[in-house]
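Student: One structure, pasted below without further comment.
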Amino acid sequence: MKIKRIHIHNWRSIKDVEIDFQRLMVFIGQNNHGKSNVLSAILFFFGVIPVGELDYAAGANDLYVDIIFDDLDAHDKVQFNKYLTAEGRIRVRKQILDKGGVAEYRGYCEIPQDDWLKEERVSDYANREAISATPLKDFVPAGGRITMALVKKAQLDYRTQNIESVSVSYNVEATPFLGLKNVAQGIFGQVFFVPAVKNATEEFSSKGKSIFGQLLTNVINEMSSGNETYRQVKQSVKALTEKLNKKIADGSPNSERPEQISELERLLESELQSWNTTINIEITPPDVDDVMRLGTNVWVDDGVPTDVNRKGHGLQRSLIFALIKSWAKVLKEQRERDAEATAEGEGPDGTVVRKVSESTFFIFEEPELYLHPQAQRELYASLKQLSENGNQVLLSTHSSSFVDIDAYKSICIVYKNNVEDGTKRRQCGTELFAAEEDKRKFNMGYWINPDRGELFFAKKVILVEGQTEKVVVTYLAKALGVYKYEYSVIDCGSKNSIPQYCSLLNKFGIPYVVVYDKDHHSGKSPEKLAEADRSAEAITNSIDSQFGKTVVMNNDIEEELGLPSGLCRSKPYEALEQVTATGFSLSASCEAKIKTVYS
């Protein structure tokens with residue numbers, strides 16, 4: 001199963017936020033705006049981290065994290081049947097009602113309006129007199145003691161038979177989730193978290209629940225079941241140990257026992273004569289599997305063989321990601337084997353054998369750290385593939401290498417306007433393109449300039465037609481002293497591509513300004529002028545005045561700047577050469593437009 005939607009309430013900087021989820025989620029935003037708090041809220045829900053005094057939002061005395069899960073497999077649907085909706089989803093809340101109290105899980109389910117059908121009121125009807133005053137009287141034995149178990153069964157039977165007439169509300173149950181006082185960590189799936197700063201030796205430890213430890217355990221289990229050499233080694237160790245004890249496995253005396261061990265027993269007995277005791281030194285065979293786990297270390301030879309901890313941070317993080325990808329491949333193979341086994345066999349009673357189900361969530365905090373740009377792009381491709389193989393991948397980042405405009409539904413912009421309102425989010429859950437052709441053109445432009453993903457990180461976006469405008473507008477802004485590093489200038493490839501970018505920015509609520517050419521040059525045919533007007537109208541119609549505005553150049557930017565006509569070869573370079581030349585003078589109208597763009 002995977003996370004479909006999350007509702008976070010009073011967690012750190014988050015007062016109240018709901019977020020829709022995809023298989024791959026990319027959280028972006030400015031520093032100290034709440035990206036890490038979103039991830040930590042999820043970790044709190046899964047039981048990976050505890051809650052502390054500072055985890056409550058300012059002034060709050062309670063907190064909770066609600067998660068809706070979908071894509072449940074057969075095992076999940078059986079396990080969480082009580083909470084399953086008609087859409088095949090479940091919703092679970094982890095809450096602390098009083099600051100400093102105990103965290104508890106509650107499930108959402110269809111709760112009957114009538115008290116006598118509510119599970120938490122079972123004890124009120126656990127006697128003959130009380131239950132006889134309700135319709136449940138026909139669903140319990142006519143004689144004998146009425147127990148709470150009988151009342152529960154009667155409630156279920158009544159609801160099953162009267163499913164159409166029972167009035168219910170979908171709400172948080174009053175009793176513990178699954179009736180459990182403590183929900184075991186891992187009940188919702190395996191969670192692997194890689195924080196921004198992490199020592200690789202922790203993940204490469206062969207002890208505990210590290211990923212390497214689990215991979216090593218898998219290898220050992222396979223060797224124990226299928227490797228004859230390994231089985232013989234284990235048997236040899238067991239046989240050797242038996243020869244060191246007084247008796248062999250069948251209880252008969254061991255004639256091959258080394259005399260030195262027997263002599264040690266006699267020495268000890270002689271010193272304890274007054275206690276009238278005998279001494280027996282018995283050697284327990286070591287578990288070879290445990291010996292392998294405890295005695296395994298990982299060394300890396302990159303020209304200088306050392307342990308993992310002595311390598312650079314970049315290599316350490318790459319090794320951690322290699323571990324994760326390896327573990328994901330193992331999990332996928334296990335799921336495929338389990339699915340085949342389930343499809344092929346039935347249990348002895350004729351029921352289908354339940355397959356092993358294991359949801360997996362990978363959470364990364366700033367995966368780009370210590371990686372150069374090319375390695376970042378490769379890692380993003382790997383994480384995307386990881387999410388497509390049945391896992392859910394969540395990450396926070398400051399790098400545009402992890403932002404794919406084509407996967408815009410995976411992008412969540414986290415922001416904070418002020419402390420009072422706390423952390424908010426911007427997402428686009430609707431279809432961005434009205435037609436498939438629009439999407440195709442947009443993707444073509446993206447392939448031409450993949451760096452356009454940086455627009456999601458900008459405080460304001462400046463959309464221009466092409467490279468010439470991008471180069472000249474940026475240079476002039478710096479020359480005029482109005483340039484702002486937090487603004488991004490994005491060339492859209494052509495005037496006709498601008499409306500799609502406007503649509504994207506509108507839906508994410510990102511401020512922008514469009515700089516485009518009027519294209520009313522003298523000598524143009526009426527048809528060409530009409531075409532230019534249609535393009536301008538399409539841009540105007542696509543702008544949401546709440547977020548965007550336009551700055552229109554007279555015919556084109558070359559004419560606006562007073563540059564000679566006919567710039568064609570290496571156009572951006574030639575334009576820059578002209579505006580940087582000695583004696584170049586910027587017109588007052590053009591200066592005003594550049595300042596408007598950067599206002």
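Residues are named by chain letter and number: chains run A, B, ... in the order of the structure tokens, numbers start at 1 in each chain, and ligands are numbered from 1 in the order shown.
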Extract the full set of helix (DSSP H, G or I) residues from segment 62-197 of chain A according to DSSP on the backbone, and format it as a PyMOL selection string.

Tutor: chain A and resi 74-79+81-83+115-117+119-125+128-132+135-139+148-161+177-179

Student: Within 9 Å of Leu371 of chain A, counting only C-alpha atoms, which residues show up once you throw out same-chain ones fewer than 4 positions away? Write them as a PyMOL selection string, please.

Tutor: chain A and resi 313-315+317-318+367+375-376

Student: One decimal, Å: what's the distance from atom CA of Gly29 of chain A over to atom CA of Phe457 of chain A, could you say?

Tutor: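 Here the two named atoms are 6.3 Å from each other.
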
Student: Mind the document's chain letters and residue numbers, and return as a list in words the residues of segment 201-311 of chain A that DSSP labels strand (DSSP E or B).

Tutor: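 Here are the strand (DSSP E or B) residues of segment 201-311 of chain A: Lys247, Pro253, Trp299, Val300, Asp301, Pro305, Thr306 and Asp307 of chain A.
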
Student: Can you spit out the residues from that selection as a JSON list (two decimals), in the first residue's frame, using C-alpha atoms?

Tutor:
[["chain", "number", "residue", "atom", "x", "y", "z"],
["A", 247, "LYS", "CA", 28.98, -36.94, 25.81],
["A", 253, "PRO", "CA", 30.49, -41.09, 26.50],
["A", 299, "TRP", "CA", 35.98, -2.43, 3.11],
["A", 300, "VAL", "CA", 36.12, -0.24, 0.02],
["A", 301, "ASP", "CA", 39.07, -0.26, -2.34],
["A", 305, "PRO", "CA", 41.55, -0.11, 0.71],
["A", 306, "THR", "CA", 39.98, 1.23, 3.93],
["A", 307, "ASP", "CA", 36.76, 0.81, 5.87]]

Student: Residues at most 8 Å from Arg5 of chain A, counting only C-alpha atoms, excluding those fewer than 2 positions away in the same chain, as a short mmCIF file (atom, residue, chain, number, x, y, z; two decimals) with N, CA and C atoms, in the first residue's frame?

Tutor:
data_model
loop_
_atom_site.label_atom_id
_atom_site.label_comp_id
_atom_site.auth_asym_id
_atom_site.auth_seq_id
_atom_site.Cartn_x
_atom_site.Cartn_y
_atom_site.Cartn_z
N ILE A 3 0.91 5.83 0.60
CA ILE A 3 0.24 7.00 1.15
C ILE A 3 -0.50 7.72 0.03
N HIS A 7 -2.68 14.44 6.55
CA HIS A 7 -3.17 15.64 7.24
C HIS A 7 -2.32 15.79 8.52
N GLU A 18 -2.78 19.73 4.65
CA GLU A 18 -3.12 18.48 3.97
C GLU A 18 -2.33 18.40 2.67
N ILE A 19 -1.78 17.22 2.38
CA ILE A 19 -0.93 17.04 1.20
C ILE A 19 -1.35 15.77 0.48
N ASP A 20 -1.51 15.89 -0.85
CA ASP A 20 -1.79 14.72 -1.68
C ASP A 20 -0.46 14.09 -2.11
N PHE A 21 -0.46 12.76 -2.20
CA PHE A 21 0.79 12.03 -2.47
C PHE A 21 0.72 11.24 -3.77
N ILE A 67 -3.21 9.71 8.01
CA ILE A 67 -2.75 9.23 6.70
C ILE A 67 -3.82 8.35 6.07
N ILE A 68 -4.13 8.64 4.81
CA ILE A 68 -4.99 7.76 4.01
C ILE A 68 -4.09 6.89 3.14
N PHE A 69 -4.26 5.58 3.24
CA PHE A 69 -3.50 4.63 2.43
C PHE A 69 -4.40 4.05 1.34
#

Student: Write out as a list in words each polymer residue whose atoms come within 12 Å of segment 249-252 of chain A, counting only C-alpha atoms; drop sequence neighbours fewer than 4 positions from it.

Tutor: Lys238, Ala239, Leu240, Thr241, Glu242, Lys243, Leu244, Asn245, Glu256, Thr284 and Pro285 of chain A

Student: Export, as a PDB file, in the first residue's frame, the selected residues with C-alpha atoms.

Tutor:
ATOM      1  CA  LYS A 238      28.863 -28.766  15.134  1.00  0.00           C
ATOM      2  CA  ALA A 239      30.758 -32.083  14.934  1.00  0.00           C
ATOM      3  CA  LEU A 240      33.992 -30.463  16.184  1.00  0.00           C
ATOM      4  CA  THR A 241      32.163 -28.936  19.156  1.00  0.00           C
ATOM      5  CA  GLU A 242      30.620 -32.281  20.058  1.00  0.00           C
ATOM      6  CA  LYS A 243      34.116 -33.810  20.341  1.00  0.00           C
ATOM      7  CA  LEU A 244      34.953 -31.306  23.081  1.00  0.00           C
ATOM      8  CA  ASN A 245      32.138 -32.432  25.415  1.00  0.00           C
ATOM      9  CA  GLU A 256      37.696 -38.642  21.614  1.00  0.00           C
ATOM     10  CA  THR A 284      27.823 -24.994  22.960  1.00  0.00           C
ATOM     11  CA  PRO A 285      28.180 -25.085  19.173  1.00  0.00           C
TER      12      PRO A 285
END

Student: What's the 9 Å shell around segment 104-118 of chain A, counting only C-alpha atoms, without same-chain residues fewer than 3 positions away, as a ChimeraX atom specification?

Tutor: /A:45,82-85,90-97,121-122,124-125,131,134-136,152,154-156,158-159,166-178,180-183

Student: Which value, in Å to one decimal, gives the distance between atom CA of Val515 of chain A and atom CA of Ala592 of chain A?

Tutor: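 Atom-to-atom, atom CA of Val515 of chain A and atom CA of Ala592 of chain A are spaced 13.1 Å apart.
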
Student: Please report the interatomic distance between atom CA of Ala458 of chain A and atom CA of Ser535 of chain A in Å with one decimal.

Tutor: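 According to the coordinates, atom CA of Ala458 of chain A and atom CA of Ser535 of chain A are separated by 25.8 Å.
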
Student: Compile the contact shell of Arg145 of chain A as a PyMOL selection string: residues with an atom at most 9 Å away, counting only C-alpha atoms, same-chain residues fewer than 6 positions apart removed.

Tutor: chain A and resi 126-128

Student: Write out, as a tab-separated table (two decimals), in the first residue's frame, the residues just selected, with N, CA and C atoms.

Tutor:
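File selection_12.tsv, as written:
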chain	number	residue	atom	x	y	z
A	126	ALA	N	-23.74	-5.77	28.12
A	126	ALA	CA	-23.28	-7.12	28.45
A	126	ALA	C	-24.07	-7.72	29.60
A	127	ASN	N	-25.39	-7.54	29.56
A	127	ASN	CA	-26.27	-8.21	30.52
A	127	ASN	C	-27.63	-8.40	29.84
A	128	ARG	N	-28.39	-9.36	30.32
A	128	ARG	CA	-29.63	-9.76	29.65
A	128	ARG	C	-30.65	-8.62	29.62

Student: If we count only C-alpha atoms and set the cut-off at 10 Å, which residues sit around Lys495 of chain A, ignoring sequence neighbours fewer than 6 positions away in its own chain? Please answer as a count of residues only.

Tutor: 13

Student: Kindly indicate which residue among A:Tyr380, A:Phe361, A:Tyr475, A:Tyr408 lies nearest to Thr430 of chain A, using only C-alpha atoms for the distances.

Tutor: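 Answer, going by the shortest atom-to-atom distance: A:Tyr408.
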